[in-house]
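As stored in protein_8.txt (compact mmCIF, C-alpha atoms and all ligand atoms):
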```txt
# COMPACT_ATOMS: atom_id res chain seq x y z
CA MET A 1200 60.62 -162.94 -104.61
CA LYS A 1201 58.68 -165.52 -102.68
CA ASN A 1202 57.57 -168.82 -104.17
CA ILE A 1203 54.68 -170.51 -102.43
CA VAL A 1204 53.07 -173.85 -103.19
CA ILE A 1205 49.44 -174.16 -102.20
CA PHE A 1206 48.83 -177.85 -101.78
CA GLY A 1207 45.89 -180.17 -101.18
CA ALA A 1208 43.20 -182.37 -102.68
CA PRO A 1209 40.74 -181.21 -105.35
CA GLY A 1210 38.15 -179.02 -103.63
CA CYS A 1211 40.35 -178.10 -100.65
CA GLY A 1212 40.18 -174.38 -101.51
CA LYS A 1213 43.48 -173.83 -103.36
CA GLY A 1214 41.90 -171.59 -106.00
CA THR A 1215 39.88 -169.53 -103.53
CA GLN A 1216 42.85 -168.97 -101.23
CA SER A 1217 45.12 -168.17 -104.17
CA GLU A 1218 42.74 -165.35 -105.14
CA ARG A 1219 43.04 -163.95 -101.61
CA LEU A 1220 46.83 -164.07 -101.79
CA ILE A 1221 46.85 -162.29 -105.14
CA ASP A 1222 44.75 -159.49 -103.64
CA LYS A 1223 46.74 -159.24 -100.41
CA PHE A 1224 50.33 -159.82 -101.56
CA GLY A 1225 50.24 -159.36 -105.34
CA PHE A 1226 51.45 -162.87 -106.14
CA TYR A 1227 51.59 -164.09 -109.73
CA HIS A 1228 49.20 -167.03 -109.83
CA ILE A 1229 50.17 -170.19 -111.70
CA SER A 1230 47.24 -172.60 -111.75
CA THR A 1231 48.18 -175.47 -114.04
CA GLY A 1232 44.55 -176.64 -114.13
CA GLU A 1233 43.44 -173.21 -115.36
CA VAL A 1234 46.20 -173.14 -117.96
CA LEU A 1235 45.05 -176.52 -119.27
CA ARG A 1236 41.34 -175.58 -119.25
CA ASP A 1237 42.22 -172.45 -121.21
CA HIS A 1238 43.96 -174.60 -123.84
CA ILE A 1239 40.92 -176.89 -124.00
CA ALA A 1240 38.59 -173.89 -124.46
CA ARG A 1241 40.78 -172.53 -127.27
CA GLY A 1242 40.96 -175.97 -128.94
CA THR A 1243 44.78 -176.02 -129.13
CA GLU A 1244 46.75 -179.23 -129.74
CA LEU A 1245 47.82 -179.21 -126.10
CA GLY A 1246 44.19 -178.70 -125.10
CA LYS A 1247 43.13 -181.75 -127.09
CA ILE A 1248 45.73 -183.91 -125.36
CA ALA A 1249 44.94 -182.45 -121.93
CA ASP A 1250 41.22 -183.06 -122.37
CA THR A 1251 41.73 -186.81 -122.75
CA TYR A 1252 43.30 -186.94 -119.28
CA ILE A 1253 41.25 -184.29 -117.47
CA SER A 1254 37.91 -185.72 -118.53
CA LYS A 1255 38.93 -189.06 -116.97
CA GLY A 1256 40.26 -187.43 -113.80
CA GLN A 1257 43.80 -188.56 -114.61
CA LEU A 1258 47.00 -186.54 -114.32
CA ILE A 1259 48.66 -185.13 -117.42
CA PRO A 1260 52.06 -186.85 -117.92
CA ASP A 1261 54.91 -185.25 -115.95
CA GLU A 1262 57.06 -184.45 -119.01
CA LEU A 1263 54.27 -182.42 -120.58
CA MET A 1264 53.51 -180.58 -117.33
CA LEU A 1265 57.18 -179.78 -116.76
CA ASP A 1266 57.47 -178.28 -120.25
CA ILE A 1267 54.38 -176.17 -119.67
CA LEU A 1268 55.69 -174.97 -116.31
CA SER A 1269 59.20 -174.10 -117.57
CA ASN A 1270 57.69 -172.06 -120.40
CA LEU A 1271 55.41 -170.22 -118.00
CA LEU A 1272 58.29 -169.36 -115.70
CA ASP A 1273 60.22 -167.89 -118.60
CA SER A 1274 57.37 -165.63 -119.66
CA GLU A 1275 57.76 -161.89 -119.14
CA ALA A 1276 54.64 -161.72 -117.00
CA VAL A 1277 56.39 -163.72 -114.26
CA ALA A 1278 59.74 -161.91 -114.26
CA GLY A 1279 60.62 -160.47 -110.86
CA LYS A 1280 57.32 -161.48 -109.27
CA SER A 1281 56.49 -163.65 -106.29
CA ILE A 1282 54.63 -166.76 -107.42
CA ILE A 1283 51.91 -168.93 -106.02
CA PHE A 1284 51.86 -172.44 -107.49
CA ASP A 1285 48.34 -173.86 -107.40
CA GLY A 1286 47.87 -177.46 -108.54
CA PHE A 1287 51.57 -177.97 -109.21
CA PRO A 1288 53.49 -180.06 -108.23
CA ARG A 1289 51.19 -183.09 -108.14
CA THR A 1290 53.75 -185.91 -108.17
CA VAL A 1291 57.07 -186.42 -106.38
CA ARG A 1292 58.79 -186.25 -109.78
CA GLN A 1293 57.19 -182.84 -110.45
CA ALA A 1294 58.33 -181.63 -107.01
CA GLU A 1295 61.90 -182.78 -107.59
CA GLU A 1296 61.98 -181.17 -111.01
CA LEU A 1297 60.40 -177.98 -109.66
CA GLU A 1298 63.37 -177.59 -107.31
CA ARG A 1299 65.76 -177.87 -110.24
CA ILE A 1300 63.72 -175.61 -112.54
CA LEU A 1301 63.49 -172.92 -109.84
CA ARG A 1302 67.17 -173.21 -108.89
CA GLU A 1303 68.11 -172.57 -112.53
CA ARG A 1304 66.12 -169.33 -112.27
CA ASP A 1305 67.58 -168.28 -108.88
CA ARG A 1306 64.39 -169.20 -107.10
CA GLN A 1307 63.33 -171.80 -104.55
CA VAL A 1308 60.13 -173.03 -102.92
CA ASP A 1309 59.87 -170.99 -99.72
CA THR A 1310 56.86 -172.60 -98.13
CA VAL A 1311 54.17 -175.18 -98.85
CA ILE A 1312 50.71 -174.45 -97.52
CA GLY A 1313 48.80 -177.72 -97.11
CA LEU A 1314 45.03 -177.27 -96.94
CA GLU A 1315 43.75 -180.37 -95.16
CA VAL A 1316 40.10 -181.36 -95.69
CA ALA A 1317 38.32 -184.71 -95.16
CA ASP A 1318 37.21 -186.58 -98.30
CA GLU A 1319 33.47 -186.35 -97.51
CA MET A 1320 33.67 -182.56 -97.40
CA LEU A 1321 35.73 -182.47 -100.61
CA VAL A 1322 33.12 -184.50 -102.49
CA GLU A 1323 30.33 -182.23 -101.25
CA ARG A 1324 32.23 -179.07 -102.25
CA LEU A 1325 33.17 -180.41 -105.69
CA ILE A 1326 29.61 -181.48 -106.48
CA ASN A 1327 28.39 -178.00 -105.52
CA ARG A 1328 31.13 -176.38 -107.62
CA GLY A 1329 30.09 -178.55 -110.57
CA LYS A 1330 26.52 -177.31 -110.24
CA GLU A 1331 27.59 -173.68 -109.93
CA THR A 1332 30.29 -173.54 -112.62
CA GLY A 1333 29.48 -176.43 -114.94
CA ARG A 1334 33.10 -177.57 -114.68
CA ALA A 1335 33.15 -180.82 -116.65
CA ASP A 1336 35.34 -182.87 -114.27
CA ASP A 1337 33.21 -181.99 -111.22
CA ASN A 1338 30.84 -184.96 -111.59
CA LEU A 1339 30.64 -187.77 -109.03
CA ASP A 1340 32.50 -190.47 -111.01
CA THR A 1341 35.36 -188.21 -112.02
CA ILE A 1342 35.52 -186.67 -108.54
CA LYS A 1343 35.94 -190.12 -106.97
CA HIS A 1344 38.73 -190.97 -109.39
CA ARG A 1345 40.47 -187.61 -108.84
CA LEU A 1346 40.48 -188.23 -105.08
CA GLU A 1347 41.99 -191.68 -105.63
CA VAL A 1348 44.64 -190.15 -107.87
CA TYR A 1349 45.27 -187.51 -105.21
CA HIS A 1350 45.78 -190.08 -102.44
CA ASN A 1351 48.00 -192.33 -104.59
CA GLN A 1352 50.09 -189.87 -106.54
CA THR A 1353 49.91 -186.43 -104.90
CA GLN A 1354 49.56 -187.00 -101.16
CA PRO A 1355 53.07 -188.57 -100.93
CA LEU A 1356 54.33 -185.02 -101.55
CA GLN A 1357 53.17 -184.14 -98.05
CA GLU A 1358 55.97 -186.35 -96.72
CA PHE A 1359 58.42 -184.93 -99.26
CA TYR A 1360 57.74 -181.37 -98.10
CA THR A 1361 57.54 -182.36 -94.41
CA ASN A 1362 60.97 -183.95 -94.65
CA ASN A 1363 62.52 -180.82 -96.09
CA GLY A 1364 60.78 -178.64 -93.48
CA LEU A 1365 58.59 -176.66 -95.88
CA TYR A 1366 55.14 -178.18 -95.18
CA LYS A 1367 52.70 -176.06 -93.13
CA ALA A 1368 49.43 -177.85 -92.37
CA ILE A 1369 46.29 -175.73 -92.28
CA ASP A 1370 42.79 -176.89 -91.40
CA GLY A 1371 40.96 -176.33 -94.68
CA SER A 1372 37.52 -177.01 -93.21
CA LYS A 1373 37.38 -173.59 -91.53
CA THR A 1374 35.87 -170.46 -93.08
CA VAL A 1375 37.55 -168.83 -96.09
CA ASP A 1376 38.47 -165.80 -93.94
CA ALA A 1377 39.93 -167.86 -91.08
CA ILE A 1378 42.05 -169.90 -93.49
CA ALA A 1379 43.21 -166.79 -95.36
CA ASP A 1380 44.35 -165.20 -92.06
CA GLN A 1381 46.33 -168.28 -91.12
CA ILE A 1382 47.98 -168.48 -94.54
CA ALA A 1383 48.89 -164.79 -94.34
CA LEU A 1384 50.63 -165.43 -91.00
CA GLU A 1385 52.66 -168.26 -92.53
CA ILE A 1386 53.67 -166.11 -95.48
CA GLU A 1387 54.68 -163.16 -93.32
CA ARG A 1388 56.95 -165.54 -91.38
CA ILE A 1389 59.08 -166.38 -94.44
P1 LIG B 1401 42.92 -178.50 -111.02
O1 LIG B 1401 42.24 -177.33 -111.63
O2 LIG B 1401 44.22 -178.12 -110.34
O3 LIG B 1401 42.03 -179.30 -110.12
O4 LIG B 1401 43.34 -179.48 -112.22
C1 LIG B 1401 42.36 -180.06 -113.07
C2 LIG B 1401 42.98 -181.22 -113.82
O5 LIG B 1401 44.07 -180.76 -114.62
C3 LIG B 1401 43.56 -182.34 -112.97
O6 LIG B 1401 42.59 -183.27 -112.56
C4 LIG B 1401 44.59 -182.95 -113.92
O7 LIG B 1401 43.95 -183.76 -114.90
C5 LIG B 1401 45.12 -181.72 -114.65
N1 LIG B 1401 46.31 -181.14 -113.97
C6 LIG B 1401 46.39 -179.91 -113.39
N2 LIG B 1401 47.61 -179.70 -112.85
C7 LIG B 1401 48.31 -180.84 -113.09
C8 LIG B 1401 49.62 -181.28 -112.76
N3 LIG B 1401 50.46 -180.50 -112.05
N4 LIG B 1401 50.00 -182.52 -113.17
C9 LIG B 1401 49.18 -183.31 -113.87
N5 LIG B 1401 47.93 -182.98 -114.20
C10 LIG B 1401 47.47 -181.75 -113.81
```
For the file at hand, write its structure as structure tokens.
Amino acid sequence: MKNIVIFGAPGCGKGTQSERLIDKFGFYHISTGEVLRDHIARGTELGKIADTYISKGQLIPDELMLDILSNLLDSEAVAGKSIIFDGFPRTVRQAEELERILRERDRQVDTVIGLEVADEMLVERLINRGKETGRADDNLDTIKHRLEVYHNQTQPLQEFYTNNGLYKAIDGSKTVDAIADQIALEIERI
């Protein structure tokens, strides 16, 4: 069972590349953003709480995210499968806790794929995605705030995963196919 983190700023292509990995390697995909949007769409209590943060481009508190993640990992759908974590961890605390949560389940993070894309290109991609999908947090004000949050709270993880030797930088400005090929090479190396 492999456990891969796909890491990078909003709009760097985590979702798109995760889809490729599901097709190619049969990974179980955990996208915390999708889980939260699903709760919002169903109007659950968790969805109501999540919406107050997501609509402002803020992160959901770590404790809540860690509960959601532990529950997901204990679900039958995940048992025995390789996992791709998309959008989690997003803070150093989440990364530290992820190590513990995985260790308790005889798992570990095997590699971290960092999709690196300049801010200007991220903004352009997110605005286009907003137009195409109607995703509520893909509007210019929220996008700007999400990028700030990324640089302040999430980017420090790059150092965390570089220091423990897991971080693999990939140029996320290339074509979807070129990036997918490079990620596949990294995964085959594990
Ligand atoms: P995403 O689809 O990964 O871009 O996530 C959309 C939004 O969901 C983020 O802007 C956060 O508000 C929230 N979110 C998703 N994953 C996390 C996480 N690991 N920690 C905190 N908030 C998250």
Shell around Thr1231 of chain A at 8 Å using all atoms listed in the file, local window under 3 positions removed, as a PyMOL selection string: chain A and resi 1234-1235+1268+1285-1287
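In terms of minimum interatomic distance to Gly1329 of chain A, A:Gly1210 ranks closest within A:Glu1275, A:Ile1378, A:Gly1210, A:Thr1243, counting all atoms listed in the file.
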Please give me, as an mmCIF file with C-alpha atoms, keeping the file's coordinate frame, the residues lying within 7 Å of ligand LIG 1401 (chain B) when counting all atoms listed in the file.
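Generated output (result15.cif):
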```cif
data_model
loop_
_atom_site.group_PDB
_atom_site.id
_atom_site.type_symbol
_atom_site.label_atom_id
_atom_site.label_comp_id
_atom_site.auth_asym_id
_atom_site.auth_seq_id
_atom_site.Cartn_x
_atom_site.Cartn_y
_atom_site.Cartn_z
ATOM 1 C CA PRO A 1209 40.740 -181.210 -105.350
ATOM 2 C CA SER A 1230 47.240 -172.600 -111.750
ATOM 3 C CA THR A 1231 48.180 -175.470 -114.040
ATOM 4 C CA GLY A 1232 44.550 -176.640 -114.130
ATOM 5 C CA GLU A 1233 43.440 -173.210 -115.360
ATOM 6 C CA LEU A 1235 45.050 -176.520 -119.270
ATOM 7 C CA TYR A 1252 43.300 -186.940 -119.280
ATOM 8 C CA ILE A 1253 41.250 -184.290 -117.470
ATOM 9 C CA GLY A 1256 40.260 -187.430 -113.800
ATOM 10 C CA GLN A 1257 43.800 -188.560 -114.610
ATOM 11 C CA LEU A 1258 47.000 -186.540 -114.320
ATOM 12 C CA ILE A 1259 48.660 -185.130 -117.420
ATOM 13 C CA PRO A 1260 52.060 -186.850 -117.920
ATOM 14 C CA ASP A 1261 54.910 -185.250 -115.950
ATOM 15 C CA MET A 1264 53.510 -180.580 -117.330
ATOM 16 C CA ASP A 1285 48.340 -173.860 -107.400
ATOM 17 C CA GLY A 1286 47.870 -177.460 -108.540
ATOM 18 C CA PHE A 1287 51.570 -177.970 -109.210
ATOM 19 C CA PRO A 1288 53.490 -180.060 -108.230
ATOM 20 C CA ARG A 1289 51.190 -183.090 -108.140
ATOM 21 C CA ARG A 1345 40.470 -187.610 -108.840
#
```
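Take the candidates A:Arg1304, A:Ala1294, A:Ile1248, A:Ile1229 and check each one against Gln1354 of chain A using all atoms listed in the file; the shortest distance goes to A:Ala1294.
Counting only C-alpha atoms, the residue from A:Asp1340, A:Glu1262, A:Asp1273, A:Arg1306 that sits nearest to Arg1292 of chain A is A:Glu1262.
Take atom CA of Ile1221 of chain A and atom CA of Ser1281 of chain A: the distance between them is 9.8 Å.
The space separating atom CA of Arg1299 of chain A from atom CA of Pro1355 of chain A comes to 19.0 Å.
Among the candidates A:Val1311, A:Leu1297, A:Gly1333, A:Thr1215, the one nearest to Tyr1360 of chain A when counting only C-alpha atoms is A:Val1311.
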For a test of reading the model, state the distance in Å between atom CA of Ser1217 of chain A and atom CA of Met1320 of chain A, rounded to one decimal. 19.6 Å
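Proximity ranking of A:Lys1330, A:Leu1346, A:Arg1236, A:Ile1312 relative to Gln1216 of chain A places A:Ile1312 first, based on only C-alpha atoms.
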Could you check which of A:Ile1326, A:Leu1314, A:Leu1272, A:Val1308 is closest to Gly1364 of chain A, using only C-alpha atoms? A:Val1308
